[in-house]
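A.B. asks: Following this line is final.cif, made up of mmCIF, C-alpha atoms:
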data_structure
loop_
_atom_site.label_atom_id
_atom_site.label_comp_id
_atom_site.auth_asym_id
_atom_site.auth_seq_id
_atom_site.Cartn_x
_atom_site.Cartn_y
_atom_site.Cartn_z
CA MET A 231 0.00 0.00 0.00
CA GLN A 232 1.01 3.62 -0.55
CA PRO A 233 0.55 6.58 1.77
CA VAL A 234 -2.59 8.46 0.79
CA ASN A 235 -2.19 10.81 -2.15
CA LEU A 236 -5.40 12.83 -2.18
CA GLU A 237 -5.44 13.47 -5.90
CA LYS A 238 -4.74 9.85 -6.86
CA VAL A 239 -7.23 8.40 -4.39
CA GLN A 240 -9.87 10.88 -5.52
CA THR A 241 -9.38 9.77 -9.14
CA LEU A 242 -9.79 6.14 -8.07
CA ILE A 243 -12.92 6.91 -6.03
CA ASN A 244 -14.40 8.66 -9.06
CA ARG A 245 -13.79 5.58 -11.17
CA PHE A 246 -16.39 3.59 -9.20
CA ALA A 247 -19.03 6.33 -8.98
CA GLY A 248 -22.37 5.48 -10.54
CA LYS A 249 -21.60 1.76 -10.67
CA ASP A 250 -22.82 -1.19 -8.61
CA VAL A 251 -19.93 -1.87 -6.23
CA TYR A 252 -19.16 -4.14 -3.30
CA ILE A 253 -17.95 -2.55 -0.09
CA HIS A 254 -15.81 -3.82 2.76
CA LEU A 255 -15.98 -1.39 5.68
CA GLU A 256 -14.36 -2.11 9.02
CA THR A 257 -13.30 -0.44 12.21
CA THR A 258 -11.46 -2.35 14.90
CA ASN A 259 -9.47 -2.05 18.09
CA GLY A 260 -8.58 -5.74 17.95
CA ALA A 261 -10.10 -8.59 19.90
CA TYR A 262 -7.52 -8.24 22.68
CA ALA A 263 -7.99 -4.54 23.48
CA ALA A 264 -10.00 -5.18 26.65
CA HIS A 265 -7.71 -8.07 27.62
CA VAL A 266 -4.64 -5.84 27.52
CA ASP A 267 -6.45 -2.94 29.23
CA GLU A 268 -9.54 -3.98 31.18
CA LYS A 269 -10.70 -0.35 31.34
CA PHE A 270 -10.81 -0.16 27.55
CA PHE A 271 -14.26 -0.11 25.98
CA ASN A 272 -13.85 -2.24 22.89
CA ALA A 273 -16.08 -1.47 19.94
CA GLY A 274 -15.84 -2.19 16.26
CA ALA A 275 -17.89 -3.17 13.25
CA PHE A 276 -17.45 -4.65 9.83
CA ILE A 277 -19.55 -5.23 6.77
CA ARG A 278 -18.30 -7.23 3.82
CA ASN A 279 -19.77 -7.33 0.35
CA ALA A 280 -22.50 -4.79 0.86
CA LYS A 281 -23.67 -3.93 -2.66
CA VAL A 282 -24.22 -0.23 -3.13
CA ARG A 283 -24.06 2.52 -5.72
CA TYR A 284 -22.67 5.96 -4.91
CA GLU A 285 -23.23 9.07 -6.92
CA LEU A 286 -20.43 11.07 -5.32
CA GLY A 287 -17.37 10.06 -3.34
CA LYS A 288 -14.70 12.27 -1.75
CA ILE A 289 -11.49 11.95 0.20
CA ILE A 290 -10.77 14.95 2.40
CA GLY A 291 -7.99 16.10 4.71
CA GLU A 292 -4.30 15.26 4.85
CA ALA A 293 -3.81 11.70 6.15
CA PRO A 294 -5.28 10.38 8.31
CA SER A 295 -8.01 11.34 5.85
CA ARG A 296 -11.76 10.97 5.72
CA VAL A 297 -13.69 9.30 2.94
CA GLY A 298 -17.41 9.77 2.34
CA LEU A 299 -19.57 8.10 -0.27
CA LYS A 300 -23.01 9.58 -0.97
CA LEU A 301 -25.40 6.75 -1.78
CA GLU A 302 -28.75 6.93 -3.49
CA MET A 303 -30.38 6.45 -0.09
CA GLY A 304 -27.67 7.12 2.49
CA TRP A 305 -23.99 7.41 3.31
CA ILE A 306 -20.79 5.48 3.86
CA TYR A 307 -18.08 7.13 5.93
CA ALA A 308 -14.61 6.18 7.13
CA GLN A 309 -12.15 8.21 9.19
CA GLY A 310 -8.44 7.63 9.71
CA ILE A 311 -7.41 6.52 6.22
CA THR A 312 -3.61 6.54 5.85
CA HIS A 313 -2.87 4.15 2.96
CA TYR A 314 -4.35 2.98 -0.32
CA GLU A 315 -3.75 0.49 -3.08
CA PHE A 316 -5.42 -0.17 -6.40
CA ASP A 317 -4.77 -3.88 -6.57
CA SER A 318 -4.34 -6.34 -9.42
CA LYS A 319 -8.05 -7.15 -9.26
CA GLU A 320 -8.86 -3.46 -9.83
CA ARG A 321 -10.17 -2.96 -6.31
CA LEU A 322 -9.58 0.23 -4.36
CA LEU A 323 -8.27 -0.78 -0.93
CA MET A 324 -8.04 2.00 1.63
CA ALA A 325 -6.96 1.52 5.21
CA GLY A 326 -5.86 3.40 8.29
CA HIS A 327 -2.91 1.97 10.21
CA ASP A 328 -2.08 3.22 13.68
CA TYR A 329 1.34 4.18 15.00
CA GLN A 330 2.10 0.54 15.88
CA GLY A 331 1.25 -0.64 12.36
CA LYS A 332 -2.10 -2.10 13.29
CA LEU A 333 -5.10 -1.71 11.04
CA ALA A 334 -7.73 0.50 12.68
CA VAL A 335 -10.08 1.17 9.77
CA SER A 336 -10.56 -0.13 6.28
CA LEU A 337 -12.77 0.87 3.37
CA GLN A 338 -12.54 -1.14 0.17
CA ILE A 339 -14.46 -0.77 -3.09
CA SER A 340 -14.71 -3.41 -5.81
CA GLU A 341 -16.87 -4.15 -8.83
CA THR A 342 -16.64 -7.88 -7.99
CA PRO A 343 -17.42 -9.43 -4.60
CA PHE A 344 -14.59 -9.83 -2.09
CA GLU A 345 -13.71 -13.48 -1.39
CA MET B 1013 7.07 -36.10 30.47
CA ILE B 1014 4.39 -36.02 27.78
CA ALA B 1015 1.99 -38.96 27.91
CA LYS B 1016 2.04 -41.18 24.84
CA GLU B 1017 -1.11 -40.83 22.72
CA LYS B 1018 -2.70 -42.81 19.92
CA HIS B 1019 -3.67 -39.73 17.87
CA VAL B 1020 -3.80 -36.05 18.82
CA LEU B 1021 -6.39 -33.67 17.34
CA VAL B 1022 -5.64 -29.96 17.74
CA ILE B 1023 -8.41 -27.47 16.96
CA PHE B 1024 -7.86 -23.69 16.90
CA PRO B 1025 -9.48 -20.86 14.94
CA HIS B 1026 -6.46 -18.82 13.79
CA PRO B 1027 -3.13 -19.55 12.15
CA ASP B 1028 -0.61 -18.85 14.99
CA ASP B 1029 -2.98 -19.94 17.82
CA GLU B 1030 -1.01 -23.18 17.87
CA ALA B 1031 2.39 -21.55 17.87
CA PHE B 1032 2.68 -19.94 21.29
CA GLY B 1033 1.35 -22.52 23.70
CA VAL B 1034 1.05 -25.82 21.85
CA SER B 1035 3.64 -26.11 19.05
CA GLY B 1036 6.15 -27.75 21.39
CA THR B 1037 3.59 -30.34 22.43
CA ILE B 1038 2.67 -30.97 18.78
CA ALA B 1039 6.33 -31.35 17.79
CA SER B 1040 6.94 -33.67 20.76
CA HIS B 1041 4.07 -35.98 19.77
CA ILE B 1042 5.28 -36.05 16.18
CA GLN B 1043 8.82 -36.90 17.33
CA ALA B 1044 7.30 -39.78 19.30
CA ASN B 1045 5.67 -40.99 16.05
CA THR B 1046 2.19 -40.09 17.31
CA PRO B 1047 0.00 -38.84 14.47
CA VAL B 1048 -1.22 -35.27 14.96
CA THR B 1049 -4.06 -33.58 13.06
CA TYR B 1050 -4.38 -29.80 13.26
CA ALA B 1051 -7.69 -28.25 12.19
CA CYS B 1052 -7.38 -24.49 11.76
CA LEU B 1053 -10.79 -22.94 11.29
CA THR B 1054 -9.98 -19.59 9.63
CA LEU B 1055 -7.13 -17.88 7.81
CA GLY B 1056 -6.96 -15.02 10.30
CA GLN B 1057 -8.38 -12.72 7.63
CA MET B 1058 -9.08 -9.94 10.13
CA GLY B 1059 -5.63 -9.75 11.69
CA ARG B 1060 -4.60 -6.20 12.51
CA ASN B 1061 -0.83 -6.43 12.23
CA LEU B 1062 -0.33 -5.08 8.74
CA GLY B 1063 2.59 -2.79 9.48
CA ASN B 1064 3.14 0.92 8.95
CA PRO B 1065 4.24 1.11 6.22
CA PRO B 1066 1.96 -1.85 5.53
CA PHE B 1067 3.41 -5.10 4.18
CA ALA B 1068 -0.02 -6.47 3.23
CA THR B 1069 -3.62 -5.48 2.63
CA ARG B 1070 -6.85 -6.80 4.11
CA GLU B 1071 -7.18 -8.88 0.95
CA SER B 1072 -3.62 -10.24 0.71
CA LEU B 1073 -3.31 -11.02 4.44
CA PRO B 1074 -5.18 -14.37 4.31
CA LEU B 1075 -2.88 -15.61 1.53
CA ILE B 1076 0.17 -14.64 3.57
CA ARG B 1077 -1.20 -16.26 6.72
CA LYS B 1078 -2.10 -19.43 4.85
CA GLN B 1079 1.50 -19.78 3.69
CA GLU B 1080 2.73 -19.02 7.21
CA LEU B 1081 0.46 -21.77 8.55
CA LEU B 1082 1.95 -24.23 6.05
CA ASN B 1083 5.43 -23.14 7.11
CA ALA B 1084 4.57 -23.58 10.79
CA ALA B 1085 3.23 -27.07 10.09
CA GLN B 1086 6.50 -27.90 8.40
CA ALA B 1087 8.47 -26.53 11.35
CA MET B 1088 6.55 -28.83 13.71
CA GLY B 1089 6.79 -31.79 11.32
CA LEU B 1090 3.00 -31.78 11.01
CA THR B 1091 1.62 -33.39 7.85
CA ASP B 1092 -2.14 -33.52 8.54
CA LEU B 1093 -3.23 -29.89 8.43
CA ARG B 1094 -6.88 -29.09 7.79
CA MET B 1095 -8.00 -25.59 6.81
CA MET B 1096 -11.69 -25.45 7.59
CA GLY B 1097 -12.64 -22.40 5.51
CA LEU B 1098 -14.40 -20.20 8.06
CA HIS B 1099 -13.99 -16.42 8.27
CA ASP B 1100 -12.07 -14.76 11.08
CA LYS B 1101 -14.25 -13.09 13.78
CA THR B 1102 -17.45 -14.84 12.65
CA ILE B 1103 -17.29 -18.27 14.32
CA GLU B 1104 -19.58 -17.34 17.22
CA PHE B 1105 -22.22 -16.26 14.70
CA GLU B 1106 -22.26 -19.54 12.80
CA ASN B 1107 -24.98 -22.03 13.65
CA ASP B 1108 -23.86 -23.63 16.94
CA GLU B 1109 -24.91 -27.12 15.90
CA LYS B 1110 -23.14 -26.76 12.55
CA MET B 1111 -19.99 -26.00 14.52
CA VAL B 1112 -20.51 -29.00 16.79
CA LYS B 1113 -20.99 -31.18 13.71
CA MET B 1114 -17.75 -29.90 12.18
CA MET B 1115 -15.94 -30.97 15.35
CA ARG B 1116 -17.91 -34.22 15.55
CA ASP B 1117 -16.93 -35.12 11.97
CA LEU B 1118 -13.25 -34.43 12.70
CA ILE B 1119 -13.37 -36.56 15.85
CA ASP B 1120 -15.21 -39.39 14.09
CA GLU B 1121 -12.70 -39.43 11.29
CA VAL B 1122 -9.49 -39.00 13.28
CA GLN B 1123 -10.51 -41.02 16.37
CA PRO B 1124 -8.18 -39.05 18.63
CA SER B 1125 -7.13 -40.20 22.09
CA LEU B 1126 -6.49 -36.54 22.96
CA VAL B 1127 -8.12 -33.31 21.76
CA ILE B 1128 -6.46 -29.94 22.37
CA THR B 1129 -8.30 -26.61 22.08
CA PHE B 1130 -8.97 -23.48 24.15
CA TYR B 1131 -10.70 -23.50 27.54
CA PRO B 1132 -14.18 -21.99 27.13
CA ASP B 1133 -14.71 -18.76 29.13
CA TYR B 1134 -10.94 -18.35 29.65
CA SER B 1135 -9.62 -17.81 26.14
CA VAL B 1136 -10.36 -14.08 25.54
CA HIS B 1137 -11.00 -13.92 21.78
CA PRO B 1138 -14.62 -14.59 20.70
CA ASP B 1139 -13.39 -17.01 18.00
CA HIS B 1140 -11.40 -18.91 20.65
CA GLU B 1141 -14.47 -19.09 22.87
CA ALA B 1142 -16.78 -20.26 20.08
CA THR B 1143 -14.27 -22.89 18.94
CA ALA B 1144 -13.85 -24.11 22.51
CA ARG B 1145 -17.60 -24.35 23.09
CA ALA B 1146 -18.11 -26.38 19.92
CA VAL B 1147 -15.24 -28.75 20.76
CA VAL B 1148 -16.44 -29.20 24.35
CA ARG B 1149 -19.94 -29.99 23.12
CA ALA B 1150 -18.73 -32.47 20.52
CA VAL B 1151 -16.37 -34.24 22.91
CA GLY B 1152 -18.88 -34.10 25.76
CA ARG B 1153 -21.54 -35.85 23.71
CA THR B 1154 -19.18 -38.76 23.08
CA PRO B 1155 -20.01 -41.70 25.37
CA GLU B 1156 -17.69 -41.59 28.38
CA ASP B 1157 -16.09 -44.97 27.70
CA VAL B 1158 -14.78 -43.82 24.29
CA ARG B 1159 -14.40 -40.11 25.04
CA PRO B 1160 -10.98 -38.66 24.15
CA LYS B 1161 -9.13 -36.64 26.76
CA LEU B 1162 -9.62 -32.89 26.40
CA HIS B 1163 -6.75 -30.53 27.20
CA CYS B 1164 -7.45 -26.80 27.06
CA VAL B 1165 -5.34 -23.66 26.82
CA ALA B 1166 -6.52 -20.79 29.04
CA PHE B 1167 -5.04 -17.31 29.23
CA ALA B 1168 -7.78 -14.89 30.33
CA ASN B 1169 -6.64 -12.51 33.07
CA ASN B 1170 -8.84 -14.29 35.63
CA THR B 1171 -7.68 -17.82 34.75
CA LEU B 1172 -5.46 -18.46 37.74
CA GLY B 1173 -8.08 -17.24 40.22
CA ALA B 1174 -10.90 -19.22 38.62
CA LEU B 1175 -9.22 -22.43 37.47
CA GLY B 1176 -6.15 -22.52 39.65
CA ALA B 1177 -2.80 -23.66 38.28
CA PRO B 1178 -2.81 -25.76 35.10
CA ASP B 1179 -2.79 -29.47 35.92
CA ILE B 1180 -0.69 -30.44 32.90
CA LEU B 1181 2.77 -29.04 32.32
CA HIS B 1182 4.77 -30.20 29.32
CA ASP B 1183 8.51 -29.69 29.27
CA VAL B 1184 9.22 -29.00 25.59
CA SER B 1185 12.91 -28.06 25.98
CA ALA B 1186 13.88 -30.85 23.60
CA VAL B 1187 11.89 -29.26 20.76
CA LYS B 1188 12.52 -25.64 21.68
CA GLU B 1189 13.98 -24.80 18.27
CA GLN B 1190 10.99 -26.28 16.44
CA LYS B 1191 8.71 -24.27 18.67
CA LEU B 1192 10.63 -21.08 17.95
CA ASP B 1193 10.55 -21.94 14.25
CA ALA B 1194 6.76 -22.37 14.42
CA MET B 1195 6.50 -18.92 15.98
CA ARG B 1196 8.93 -17.53 13.40
CA ALA B 1197 6.80 -19.07 10.63
CA HIS B 1198 3.96 -16.70 11.60
CA ILE B 1199 6.27 -13.74 11.18
CA SER B 1200 3.53 -11.35 10.00
CA GLN B 1201 1.91 -11.77 13.42
CA THR B 1202 4.88 -12.43 15.66
CA ALA B 1203 7.66 -10.12 14.45
CA TRP B 1204 7.29 -7.59 17.28
CA MET B 1205 6.91 -10.18 19.99
CA LEU B 1206 9.74 -12.38 18.70
CA GLU B 1207 12.20 -9.53 18.60
CA ASP B 1208 11.71 -9.04 22.34
CA LEU B 1209 11.56 -12.76 23.12
CA GLU B 1210 14.71 -13.69 21.21
CA LYS B 1211 16.61 -10.88 22.91
CA ARG B 1212 15.53 -12.18 26.33
CA LEU B 1213 16.36 -15.76 25.34
CA GLY B 1214 19.77 -14.58 24.15
CA GLU B 1215 20.39 -13.22 27.65
CA ASN B 1216 19.09 -16.49 29.17
CA GLU B 1217 16.44 -14.63 31.10
CA PRO B 1218 14.82 -17.35 33.28
CA GLU B 1219 11.22 -16.15 32.76
CA ALA B 1220 11.58 -16.18 28.97
CA VAL B 1221 13.28 -19.60 28.92
CA LYS B 1222 10.58 -21.02 31.16
CA TRP B 1223 7.84 -19.50 28.98
CA VAL B 1224 9.21 -21.09 25.83
CA THR B 1225 10.07 -24.49 27.28
CA THR B 1226 6.91 -25.14 29.30
CA GLU B 1227 3.43 -25.61 27.84
CA ARG B 1228 0.42 -25.46 30.14
CA PHE B 1229 -2.94 -27.15 29.83
CA TYR B 1230 -6.06 -27.66 31.90
CA THR B 1231 -7.91 -30.94 31.74
CA TYR B 1232 -11.46 -29.90 30.89
CA ARG B 1233 -13.81 -30.11 33.88
CA TRP B 1234 -16.94 -31.81 32.64
CA ASP B 1235 -19.06 -30.53 35.52
CA GLN B 1236 -18.87 -27.10 33.83
CA GLY B 1237 -20.05 -28.51 30.51
CA TYR B 1238 -21.62 -26.82 27.50
CA LYS B 1239 -24.58 -29.07 26.71
#
Transcribe the structure of this file into structure tokens.
C.D. replies:
Amino acid sequence: MQPVNLEKVQTLINRFAGKDVYIHLETTNGAYAAHVDEKFFNAGAFIRNAKVRYELGKIIGEAPSRVGLKLEMGWIYAQGITHYEFDSKERLLMAGHDYQGKLAVSLQISETPFE
Amino acid sequence: MIAKEKHVLVIFPHPDDEAFGVSGTIASHIQANTPVTYACLTLGQMGRNLGNPPFATRESLPLIRKQELLNAAQAMGLTDLRMMGLHDKTIEFENDEKMVKMMRDLIDEVQPSLVITFYPDYSVHPDHEATARAVVRAVGRTPEDVRPKLHCVAFANNTLGALGAPDILHDVSAVKEQKLDAMRAHISQTAWMLEDLEKRLGENEPEAVKWVTTERFYTYRWDQGYK
């Protein structure tokens, strides 16, 4: 993955606009967060292969950046994006990695379902 | 001394779950010519250690971890590795009876004299807990006269207070290098931890040596059963 380049990521986000796409969206503190620190309130969520269509998508702010996708009927939002990759299967993979190199957030867009 | 078994069945949800606390026991059984089957339920798809700068993506991580699992099996001398095709973080949401059947089918096929998994309620990660519950149910429903032994790994913070000291301690000094190699095989997950561990081992720090050369299990207490 590459550090976020706003212009390049924006171009890639535009590429999927107006198409049926599959989304992987995830936030996580890791399953061990409350084991390591019992005072830690552990919360997270993921959705994989949600099929949506967005009319407008933007990446905003120097990394860690925010990405918002305006859907026909709603929104998708991710905060903390630091890296991206347009992979060999033509999927846009965006992720936020914390200072220890652990994934904290991920937003991925693909025209074909994720495995 | 590790008791001689007819066949050992190890069941964990994530590649690397076997490495820290059980790989020495697995390698020891294999050295004693005891067949060992390891069923690993997921490919650890949701692992968080991706590095910064990242060395992998959410989508390439499972491929990396699959290869690491194969490498770890090789390090332990394990030839019967089963990848069960489930998705990381989702095991507790699968149908409970489907999970029990998966374990039942493994047990029926392998006919183990010993099953090793996590201790339910004392294994922290929801996938560990769900795996442990399914294994306990499957083994528990086996008639007592043919029921395999069940040894469980527990590491929740309250383990010692609730379960006391582990009743089974395996000295795996003789296979220490294989155990370290199994941990090294999962390098995407263990790099940070190994750097520290190998430094401490290099200085012969007693705590680190003891941690690597002793594996700890609890015999499952059937009066706490998951029906």
A.B. asks: My list of candidates is A:Ile277, A:Ile243, A:Leu286, A:Val251. Which is closest to chain B when distances are computed with all atoms listed in the file?
C.D. replies: A:Ile277
A.B. asks: Quick one: distance from CA of Ser295 (chain A) to CA of Glu341 (chain A) in Å, one decimal?
C.D. replies: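 Computing the Euclidean distance for CA of Ser295 (chain A) and CA of Glu341 (chain A) yields 23.1 Å.
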A.B. asks: Compile a residue-level contact table for chain A against chain B at a cut-off of 8 Å, reporting for every qualifying residue the shortest atom pair and its distance in Å to one decimal, with all atoms listed in the file counted, rows ordered by chain and ascending number, as a tab-separated table.
C.D. replies:
residue	atom	partner	partner_atom	distance
A:Met231	CA	B:Pro1066	CA	6.2
A:Gln232	CA	B:Pro1065	CA	7.9
A:Pro233	CA	B:Pro1065	CA	8.0
A:Gly260	CA	B:Arg1060	CA	6.8
A:Ala261	CA	B:His1137	CA	5.7
A:Tyr262	CA	B:His1137	CA	6.7
A:His265	CA	B:Val1136	CA	6.9
A:Leu323	CA	B:Thr1069	CA	7.5
A:His327	CA	B:Asn1064	CA	6.3
A:Asp328	CA	B:Asn1064	CA	7.4
A:Tyr329	CA	B:Asn1064	CA	7.1
A:Gln330	CA	B:Asn1064	CA	7.0
A:Gly331	CA	B:Gly1063	CA	3.8
A:Lys332	CA	B:Asn1061	CA	4.6
A:Leu333	CA	B:Arg1060	CA	4.8
A:Ala334	CA	B:Arg1060	CA	7.4
A:Ser336	CA	B:Arg1070	CA	7.9
A.B. asks: Show me, as an NGL selection string, the residues that have an atom within 12 Å of Ile290 (chain A) when counting only C-alpha atoms, minus same-chain residues fewer than 5 positions from it.
C.D. replies: :A and (234-237 or 239-240 or 243 or 295-299 or 307-312)
A.B. asks: List as a list in words the protein and nucleic acid residues near Thr1202 (chain B), meaning an atom at most 12 Å away when all atoms listed in the file are counted, but skip any in the same chain fewer than 4 places from it.
C.D. replies: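 The filter keeps Pro1027, Asp1028, Asp1029, Ala1031, Phe1032, Gly1059, Arg1060, Asn1061, Leu1062, Gly1063, Arg1077, Glu1080, Leu1192, Asp1193, Ala1194, Met1195, Arg1196, Ala1197, His1198, Leu1206, Glu1207, Asp1208, Leu1209 and Glu1210 of chain B.
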A.B. asks: Val1020 (chain B): which residues within 7 Å, counting only C-alpha atoms, same-chain residues fewer than 5 positions away excluded, as a ChimeraX atom specification?
C.D. replies: /B:1047-1049,1124-1127
A.B. asks: Distance CA of Glu302 (chain A)-CA of Phe246 (chain A), one decimal place?
C.D. replies: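 Here the two named atoms are 14.0 Å from each other.
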A.B. asks: Expressed in Å to a single decimal, how great is the separation between CA of Ala263 (chain A) and CA of Ile339 (chain A)?
C.D. replies: 27.6 Å
A.B. asks: Within 12 Å of Glu345 (chain A), counting only C-alpha atoms, which residues qualify if same-chain residues fewer than 2 places away don't, as a list in words?
C.D. replies: Tyr252, Ile253, His254, Arg278, Asn279, Lys319, Ser340, Thr342 and Pro343 of chain A; Gln1057, Arg1070, Glu1071, Ser1072, Pro1074, Leu1075, Gly1097, Leu1098 and His1099 of chain B
A.B. asks: Would you kindly return, as a PyMOL selection string, each protein, DNA or RNA residue with an atom no farther than 8 Å from any atom of Glu1141 (chain B), considering only C-alpha atoms and excluding same-chain residues fewer than 4 positions away?
C.D. replies: chain B and resi 1104+1130-1137+1145
A.B. asks: Can you write just those residues out, C-alpha atoms, as a short mmCIF file (atom, residue, chain, number, x, y, z; two decimals), in the frame of the given file?
C.D. replies:
data_model
loop_
_atom_site.label_atom_id
_atom_site.label_comp_id
_atom_site.auth_asym_id
_atom_site.auth_seq_id
_atom_site.Cartn_x
_atom_site.Cartn_y
_atom_site.Cartn_z
CA GLU B 1104 -19.58 -17.34 17.22
CA PHE B 1130 -8.97 -23.48 24.15
CA TYR B 1131 -10.70 -23.50 27.54
CA PRO B 1132 -14.18 -21.99 27.13
CA ASP B 1133 -14.71 -18.76 29.13
CA TYR B 1134 -10.94 -18.35 29.65
CA SER B 1135 -9.62 -17.81 26.14
CA VAL B 1136 -10.36 -14.08 25.54
CA HIS B 1137 -11.00 -13.92 21.78
CA ARG B 1145 -17.60 -24.35 23.09
#
A.B. asks: I need the residue nearest Gln1086 (chain B) from this list: B:Ala1051, B:Ala1044, B:Ile1014, B:Ala1039. Use only C-alpha atoms for the distance.
C.D. replies: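 Looking at the shortest contact to Gln1086 (chain B), the residue is B:Ala1039.
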A.B. asks: Check the smallest atom-to-atom distance from each of B:Lys1113, B:Lys1161, B:Lys1016, B:His1140 to Cys1052 (chain B) using all atoms listed in the file, then report the winner.
C.D. replies: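 Counting all atoms listed in the file, the residue closest to Cys1052 (chain B) is B:His1140.
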A.B. asks: Just so the selection is clear, what residues does the PyMOL selection byres ((chain B and resi 1162) around 8) cover here, as a compact mmCIF listing (two decimals) with C-alpha atoms, in the frame of the given file?
C.D. replies:
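The resulting file, result_6.txt, is shown below:
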# COMPACT_ATOMS: atom_id res chain seq x y z
CA LEU B 1126 -6.49 -36.54 22.96
CA VAL B 1127 -8.12 -33.31 21.76
CA ILE B 1128 -6.46 -29.94 22.37
CA THR B 1129 -8.30 -26.61 22.08
CA VAL B 1151 -16.37 -34.24 22.91
CA PRO B 1160 -10.98 -38.66 24.15
CA LYS B 1161 -9.13 -36.64 26.76
CA HIS B 1163 -6.75 -30.53 27.20
CA CYS B 1164 -7.45 -26.80 27.06
CA THR B 1231 -7.91 -30.94 31.74
CA TYR B 1232 -11.46 -29.90 30.89
A.B. asks: With distances taken over all atoms listed in the file, which of B:Val1022, B:Gly1036, B:Gln1043, B:Pro1178 is nearest to Leu1118 (chain B)?
C.D. replies: B:Val1022
A.B. asks: Under the rule that all atoms listed in the file are counted, which of B:Leu1055, B:Leu1090, B:Val1034, B:Leu1172 is the nearest residue to Lys1078 (chain B)?
C.D. replies: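 Looking only at the distances to Lys1078 (chain B), the closest residue turns out to be B:Leu1055.
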